[in-house]
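To be precise, the following lines are my_file_30.txt, and they hold compact mmCIF, C-alpha atoms and all ligand atoms.
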# COMPACT_ATOMS: atom_id res chain seq x y z
CA MET A 1 -53.53 4.31 -21.26
CA SER A 2 -52.26 4.15 -17.66
CA ALA A 3 -48.59 4.79 -16.81
CA PRO A 4 -46.22 1.85 -17.38
CA LEU A 5 -45.51 -0.29 -14.33
CA ILE A 6 -41.76 -0.05 -14.95
CA VAL A 7 -39.90 2.85 -16.49
CA GLY A 8 -36.10 2.83 -16.70
CA ARG A 9 -34.15 5.65 -18.36
CA ALA A 10 -30.41 5.68 -19.10
CA LEU A 11 -29.66 3.10 -16.41
CA ILE A 12 -25.99 2.56 -15.78
CA LYS A 13 -24.49 -0.18 -13.64
CA ASN A 14 -20.81 -0.96 -13.25
CA TYR A 15 -19.02 -3.23 -10.82
CA GLU A 16 -15.61 -2.98 -9.19
CA GLY A 17 -15.32 0.77 -9.37
CA GLY A 18 -16.18 0.88 -13.05
CA ARG A 19 -13.78 -1.83 -14.22
CA ILE A 20 -16.72 -4.10 -15.13
CA ALA A 21 -19.30 -2.18 -17.17
CA VAL A 22 -22.58 -4.12 -17.33
CA LEU A 23 -25.47 -1.75 -18.15
CA ALA A 24 -24.49 1.24 -20.27
CA GLY A 25 -27.60 3.42 -20.47
CA VAL A 26 -30.52 1.00 -20.60
CA ASN A 27 -34.03 2.27 -21.40
CA LEU A 28 -37.08 0.11 -20.84
CA GLU A 29 -40.81 0.26 -20.22
CA VAL A 30 -43.09 -2.54 -19.08
CA GLN A 31 -46.87 -2.19 -19.05
CA ALA A 32 -49.09 -3.73 -16.38
CA GLY A 33 -50.33 -7.18 -17.40
CA GLU A 34 -47.42 -7.94 -19.72
CA MET A 35 -45.14 -10.96 -19.67
CA VAL A 36 -41.74 -9.73 -20.81
CA ALA A 37 -38.57 -11.74 -21.34
CA LEU A 38 -35.10 -10.34 -20.68
CA TRP A 39 -33.23 -12.50 -23.09
CA GLY A 40 -29.49 -12.60 -23.60
CA ALA A 41 -26.26 -14.54 -23.30
CA SER A 42 -24.72 -15.53 -19.99
CA GLY A 43 -23.01 -12.50 -18.45
CA SER A 44 -24.97 -9.99 -20.54
CA GLY A 45 -26.53 -8.36 -17.45
CA LYS A 46 -30.00 -9.93 -17.11
CA SER A 47 -29.68 -10.64 -13.37
CA THR A 48 -28.08 -7.24 -12.81
CA LEU A 49 -31.05 -5.50 -14.42
CA LEU A 50 -33.61 -7.62 -12.53
CA HIS A 51 -31.83 -6.80 -9.26
CA LEU A 52 -32.14 -3.08 -10.04
CA LEU A 53 -35.85 -3.47 -10.88
CA GLY A 54 -36.41 -5.40 -7.65
CA GLY A 55 -34.56 -2.95 -5.41
CA LEU A 56 -31.95 -5.57 -4.53
CA ASP A 57 -29.22 -3.32 -5.93
CA VAL A 58 -29.10 0.31 -7.05
CA PRO A 59 -28.06 1.83 -10.41
CA ASP A 60 -24.96 4.04 -10.60
CA ALA A 61 -26.98 6.52 -12.66
CA GLY A 62 -30.30 6.83 -14.45
CA GLU A 63 -33.98 7.15 -13.59
CA LEU A 64 -36.11 4.25 -12.43
CA THR A 65 -39.76 3.91 -11.39
CA VAL A 66 -41.27 0.55 -10.40
CA CYS A 67 -44.95 0.34 -9.38
CA GLY A 68 -44.82 4.08 -8.73
CA PHE A 69 -41.78 3.85 -6.42
CA ASP A 70 -38.14 4.82 -6.83
CA PRO A 71 -35.97 1.76 -6.08
CA ARG A 72 -32.96 4.05 -5.64
CA ARG A 73 -34.42 5.17 -2.30
CA GLU A 74 -34.13 2.80 0.67
CA ALA A 75 -37.60 3.56 2.08
CA HIS A 76 -39.18 2.93 -1.35
CA ARG A 77 -37.17 -0.27 -1.85
CA GLN A 78 -38.52 -1.67 1.38
CA ILE A 79 -42.17 -0.97 0.50
CA LEU A 80 -41.64 -2.34 -2.99
CA ARG A 81 -40.03 -5.57 -1.82
CA ARG A 82 -42.56 -6.19 0.92
CA GLN A 83 -45.79 -5.27 -0.79
CA HIS A 84 -45.55 -4.81 -4.52
CA LEU A 85 -43.18 -7.32 -6.00
CA GLY A 86 -42.11 -10.90 -5.67
CA PHE A 87 -38.64 -12.07 -6.68
CA ILE A 88 -37.79 -15.58 -7.86
CA PHE A 89 -34.03 -16.02 -7.59
CA GLN A 90 -31.81 -17.81 -10.11
CA LEU A 91 -30.86 -20.34 -7.42
CA HIS A 92 -34.22 -20.10 -5.63
CA ASN A 93 -32.61 -19.21 -2.22
CA LEU A 94 -35.08 -21.24 -0.12
CA ILE A 95 -34.22 -22.24 3.46
CA PRO A 96 -33.40 -25.98 3.19
CA ASP A 97 -34.34 -26.91 6.78
CA PHE A 98 -37.72 -25.21 6.58
CA THR A 99 -40.81 -26.83 5.08
CA VAL A 100 -42.48 -25.59 1.90
CA ALA A 101 -45.16 -23.87 4.03
CA GLU A 102 -42.61 -22.17 6.28
CA ASN A 103 -40.59 -20.91 3.31
CA MET A 104 -43.71 -19.51 1.67
CA GLN A 105 -44.69 -17.70 4.88
CA VAL A 106 -41.43 -15.74 5.31
CA PRO A 107 -42.46 -12.60 3.32
CA ALA A 108 -45.75 -12.33 5.24
CA LEU A 109 -43.97 -12.42 8.62
CA ALA A 110 -42.19 -9.19 7.68
CA LEU A 111 -45.58 -7.56 7.12
CA GLY A 112 -46.98 -8.74 10.44
CA THR A 113 -49.91 -10.55 8.78
CA PRO A 114 -51.95 -12.64 11.28
CA GLN A 115 -50.75 -16.26 11.50
CA LYS A 116 -54.11 -17.79 10.50
CA LYS A 117 -54.25 -15.68 7.36
CA ILE A 118 -50.66 -16.57 6.47
CA GLN A 119 -51.32 -20.29 6.82
CA ALA A 120 -54.48 -20.09 4.73
CA ARG A 121 -52.58 -18.20 2.01
CA ALA A 122 -49.81 -20.84 2.00
CA ARG A 123 -52.43 -23.57 1.55
CA GLU A 124 -54.09 -21.62 -1.26
CA LEU A 125 -50.77 -21.10 -3.05
CA ALA A 126 -49.76 -24.73 -2.59
CA GLU A 127 -52.99 -25.74 -4.26
CA LEU A 128 -52.45 -23.30 -7.13
CA LEU A 129 -48.91 -24.63 -7.64
CA GLY A 130 -49.76 -28.32 -7.26
CA LEU A 131 -47.78 -28.58 -4.02
CA SER A 132 -50.48 -29.40 -1.45
CA HIS A 133 -49.02 -32.87 -0.87
CA ARG A 134 -45.59 -31.35 -0.15
CA LEU A 135 -46.61 -28.42 2.05
CA HIS A 136 -45.09 -29.87 5.23
CA HIS A 137 -42.03 -31.44 3.61
CA ARG A 138 -38.64 -29.82 4.04
CA ILE A 139 -37.07 -28.14 1.00
CA GLN A 140 -34.05 -30.46 1.17
CA ASP A 141 -36.37 -33.46 0.73
CA ILE A 142 -38.28 -32.37 -2.38
CA SER A 143 -37.44 -32.30 -6.11
CA GLY A 144 -35.97 -29.41 -8.11
CA GLY A 145 -39.29 -28.66 -9.82
CA GLU A 146 -41.09 -28.69 -6.49
CA ARG A 147 -38.49 -26.33 -5.02
CA GLN A 148 -38.92 -23.93 -7.89
CA ARG A 149 -42.70 -24.00 -7.41
CA ALA A 150 -42.19 -23.36 -3.66
CA ALA A 151 -40.02 -20.34 -4.62
CA ILE A 152 -42.88 -19.06 -6.80
CA GLY A 153 -45.22 -19.56 -3.84
CA ARG A 154 -42.94 -17.53 -1.59
CA ALA A 155 -42.76 -14.77 -4.20
CA LEU A 156 -46.58 -14.70 -4.42
CA MET A 157 -47.23 -14.78 -0.66
CA ASN A 158 -48.05 -11.07 -0.35
CA SER A 159 -50.04 -11.02 -3.63
CA PRO A 160 -47.59 -8.78 -5.55
CA GLN A 161 -48.62 -7.01 -8.73
CA LEU A 162 -45.17 -7.60 -10.23
CA LEU A 163 -43.17 -10.82 -10.35
CA LEU A 164 -39.47 -10.71 -11.27
CA ALA A 165 -38.18 -14.16 -12.15
CA ASP A 166 -34.49 -14.84 -12.71
CA GLU A 167 -34.09 -17.96 -14.90
CA PRO A 168 -37.01 -19.63 -13.13
CA THR A 169 -36.64 -22.77 -15.22
CA GLY A 170 -32.85 -22.73 -15.52
CA SER A 171 -32.20 -25.67 -13.22
CA LEU A 172 -35.10 -27.83 -14.43
CA ASP A 173 -35.53 -30.45 -17.15
CA GLU A 174 -37.58 -29.39 -20.17
CA VAL A 175 -40.90 -30.96 -19.07
CA THR A 176 -40.72 -29.56 -15.52
CA GLY A 177 -39.47 -26.23 -16.89
CA ASP A 178 -42.47 -25.99 -19.20
CA LEU A 179 -44.77 -26.70 -16.27
CA VAL A 180 -43.25 -23.92 -14.17
CA PHE A 181 -43.29 -21.55 -17.16
CA GLY A 182 -46.97 -22.42 -17.72
CA LEU A 183 -47.74 -21.48 -14.11
CA LEU A 184 -46.17 -18.05 -14.63
CA LYS A 185 -48.12 -17.59 -17.85
CA ASN A 186 -51.37 -18.43 -16.03
CA LEU A 187 -50.61 -15.81 -13.38
CA VAL A 188 -50.33 -13.19 -16.11
CA ARG A 189 -53.44 -14.30 -17.99
CA ASN A 190 -55.72 -15.14 -15.04
CA ALA A 191 -54.49 -13.12 -12.06
CA GLY A 192 -53.34 -9.96 -13.85
CA VAL A 193 -49.80 -10.26 -12.48
CA THR A 194 -47.04 -8.58 -14.51
CA VAL A 195 -44.03 -10.85 -15.07
CA VAL A 196 -40.49 -9.92 -16.13
CA LEU A 197 -38.35 -12.99 -16.49
CA ALA A 198 -34.71 -13.46 -17.36
CA THR A 199 -33.91 -16.36 -19.62
CA HIS A 200 -31.23 -17.40 -22.08
CA GLU A 201 -33.65 -19.86 -23.72
CA ARG A 202 -35.04 -18.48 -26.95
CA ARG A 203 -37.85 -21.08 -26.85
CA LEU A 204 -39.22 -19.58 -23.62
CA ALA A 205 -38.54 -15.98 -24.60
CA GLU A 206 -40.64 -16.53 -27.73
CA GLN A 207 -43.67 -17.48 -25.63
CA CYS A 208 -43.64 -14.13 -23.80
CA ASP A 209 -45.58 -11.07 -25.00
CA ARG A 210 -42.32 -9.20 -25.68
CA ARG A 211 -38.60 -9.86 -25.73
CA LEU A 212 -35.98 -7.38 -24.60
CA HIS A 213 -32.59 -8.48 -25.86
CA VAL A 214 -29.83 -7.60 -23.38
CA ARG A 215 -26.60 -7.17 -25.29
CA GLN A 216 -23.44 -5.13 -24.88
CA GLY A 217 -24.91 -3.09 -22.06
CA GLN A 218 -28.01 -2.12 -24.03
CA ILE A 219 -31.54 -3.38 -24.60
CA GLU A 220 -33.01 -4.03 -28.02
CA CYS A 221 -36.76 -4.70 -28.37
CA LEU A 222 -37.35 -7.75 -30.54
N1 LIG B 301 -21.35 -8.35 -7.69
C1 LIG B 301 -20.61 -8.37 -8.79
N2 LIG B 301 -19.33 -7.97 -8.79
C2 LIG B 301 -18.59 -7.96 -9.92
N3 LIG B 301 -19.06 -8.34 -11.12
C3 LIG B 301 -20.32 -8.77 -11.18
C4 LIG B 301 -21.18 -8.81 -10.03
N4 LIG B 301 -22.39 -9.26 -10.42
C5 LIG B 301 -22.29 -9.50 -11.74
N5 LIG B 301 -21.07 -9.21 -12.21
C6 LIG B 301 -20.62 -9.31 -13.60
O1 LIG B 301 -21.53 -8.57 -14.40
C7 LIG B 301 -21.79 -9.23 -15.63
C8 LIG B 301 -23.29 -9.47 -15.76
O2 LIG B 301 -23.70 -10.41 -14.78
P1 LIG B 301 -25.19 -10.92 -14.67
O3 LIG B 301 -25.23 -11.84 -13.51
O4 LIG B 301 -26.10 -9.76 -14.65
O5 LIG B 301 -25.37 -11.70 -16.06
P2 LIG B 301 -26.56 -12.63 -16.56
O6 LIG B 301 -26.98 -12.12 -17.90
O7 LIG B 301 -27.59 -12.74 -15.51
O8 LIG B 301 -25.81 -14.03 -16.76
P3 LIG B 301 -26.36 -15.55 -16.54
O9 LIG B 301 -27.19 -15.85 -17.78
O10 LIG B 301 -25.11 -16.34 -16.51
O11 LIG B 301 -27.12 -15.60 -15.27
C9 LIG B 301 -20.97 -10.51 -15.60
O12 LIG B 301 -19.79 -10.28 -16.33
C10 LIG B 301 -20.68 -10.72 -14.15
O13 LIG B 301 -19.49 -11.41 -13.95
MG MG B 302 -28.27 -14.32 -14.33
Once you've parsed the file, please lay out its structure as structure tokens.
Amino acid sequence: MSAPLIVGRALIKNYEGGRIAVLAGVNLEVQAGEMVALWGASGSGKSTLLHLLGGLDVPDAGELTVCGFDPRREAHRQILRRQHLGFIFQLHNLIPDFTVAENMQVPALALGTPQKKIQARARELAELLGLSHRLHHRIQDISGGERQRAAIGRALMNSPQLLLADEPTGSLDEVTGDLVFGLLKNLVRNAGVTVVLATHERRLAEQCDRRLHVRQGQIECL
């Protein structure tokens, strides 16, 4: 079997000089092609862990390898973020004045991809996500479900092998949430993308291949 896509060993993360202890020696492994849920109560540390995996923050201690890179090193974090992983934020973090297409194109601009190729990729993603009719609408003028799909499009722009999704359905009604969740599931099944998603909804966690329960600074495999 090939090496896991993510390996974390004894990861520790505290805030405010140690006054807030969040991750107290977390171990985890995620294989390529899996859809894994980080499931746990609000404040348990799901976003904190996803941020470490995505190189958006660094652990205080512990070993971490993601797609063969070490997110504790700045140079590795940059390559990881630009080329190997896509991040869907809890509050989607899209630019409200930009259109769906422009938001999706942002990660490709950092790579210097030719404009024609970027535009074609945005059209392809919009089609995949059922957003073709909204491609040139501004984010502030579209619905919550459409925004979340645009955020998925942005995360997929550079064709990452790993998608980290922080409560991707948290702000959506159940029907729209199921639609967005279904899109992520299809990416795993049909495009071979590995997905790690944070959720506090047991219903969604149960539809993933595996559940990692984040609790009291530790992870329990369910
Ligand atoms: N930058 C920060 N500075 C100080 N404390 C923080 C910071 N980020 C997170 N925390 C604290 O760390 C703990 C874990 O936060 P985290 O956002 O990882 O939880 P979560 O499981 O994602 O919660 P939710 O389900 O509400 O999104 C919380 O108690 C939170 O207040
Ligand atoms: Mg969170």
Check your understanding: Just how far from CA of His92 (chain A) is CA of Leu197 (chain A), in Å to one decimal?
Key -> 13.6 Å
**Study point:** Residues within 12 Å of Gly182 (chain A), all atoms listed in the file, excluding chain neighbours under 3 positions, as JSON, numbers by chain
**Key:** {"A": [35, 128, 129, 149, 168, 169, 174, 175, 176, 177, 178, 179, 185, 186, 187, 188, 189, 190, 204, 207, 208]}
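Note that the spacing between CA of Ser47 (chain A) and CA of Val196 (chain A) amounts to 11.2 Å.
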Determine, for each residue of chain A having at least one atom at most 9 Å from an atom of ligand MG 302 (chain B), the closest pair of atoms and their separation in Å to one decimal, counting all atoms listed in the file; order by chain and ascending number, as a tab-separated table.
residue	atom	partner	partner_atom	distance
A:Ser42	CA	B:MG302	MG	6.8
A:Gly43	CA	B:MG302	MG	6.9
A:Ser44	CA	B:MG302	MG	8.3
A:Gly45	CA	B:MG302	MG	6.9
A:Lys46	CA	B:MG302	MG	5.5
A:Ser47	CA	B:MG302	MG	4.1
A:Thr48	CA	B:MG302	MG	7.2
A:Leu50	CA	B:MG302	MG	8.8
A:Gln90	CA	B:MG302	MG	6.5
A:Asp166	CA	B:MG302	MG	6.4
A:Glu167	CA	B:MG302	MG	6.9
A:Ala198	CA	B:MG302	MG	7.2
A:Thr199	CA	B:MG302	MG	8.0
A:His200	CA	B:MG302	MG	8.8
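When all atoms listed in the file are used to measure the gap to ligand LIG 301 (chain B), the shortest distance among A:Arg9, A:His136, A:Arg123, A:Arg215 belongs to A:Arg215.
Take the candidates A:Ala165, A:Ile88, A:Val58, A:Val26 and check each one against Gly8 (chain A) using only C-alpha atoms; the shortest distance goes to A:Val26.
Here CA of Glu102 (chain A) is placed at a distance of 27.2 Å from CA of Leu52 (chain A).
Residues with any atom within 6 Å of the point (-43.1, -14.3, -11.3), counting only C-alpha atoms, are A:Leu163, A:Leu164, A:Ala165, A:Leu184, A:Val195.
Among the candidate residues A:Val22, A:Ala191, A:Val36, A:Ala126, the one lying nearest to ligand LIG 301 (chain B) is A:Val22, with distances computed using all atoms listed in the file.
Nearest residue to ligand LIG 301 (chain B), choosing from A:His51, A:Pro4, A:Thr113, A:Glu34 and counting all atoms listed in the file: A:His51.
Remark: for ligand LIG 301 (chain B), the closest of the candidate residues A:Pro96, A:Gly33, A:Gly170, A:Gly153 is A:Gly170 (distances computed over all atoms listed in the file).
Here the question is which of A:Asn27, A:Ser2, A:Asn14, A:Gln105 gets nearest to ligand LIG 301 (chain B) using all atoms listed in the file, and that residue is A:Asn14.
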Point to revise | Thr65 (chain A) environment, 6 Å, all atoms listed in the file, sequence neighbours closer than 4 positions dropped, as a ChimeraX atom specification | key: /A:6-7,69-70
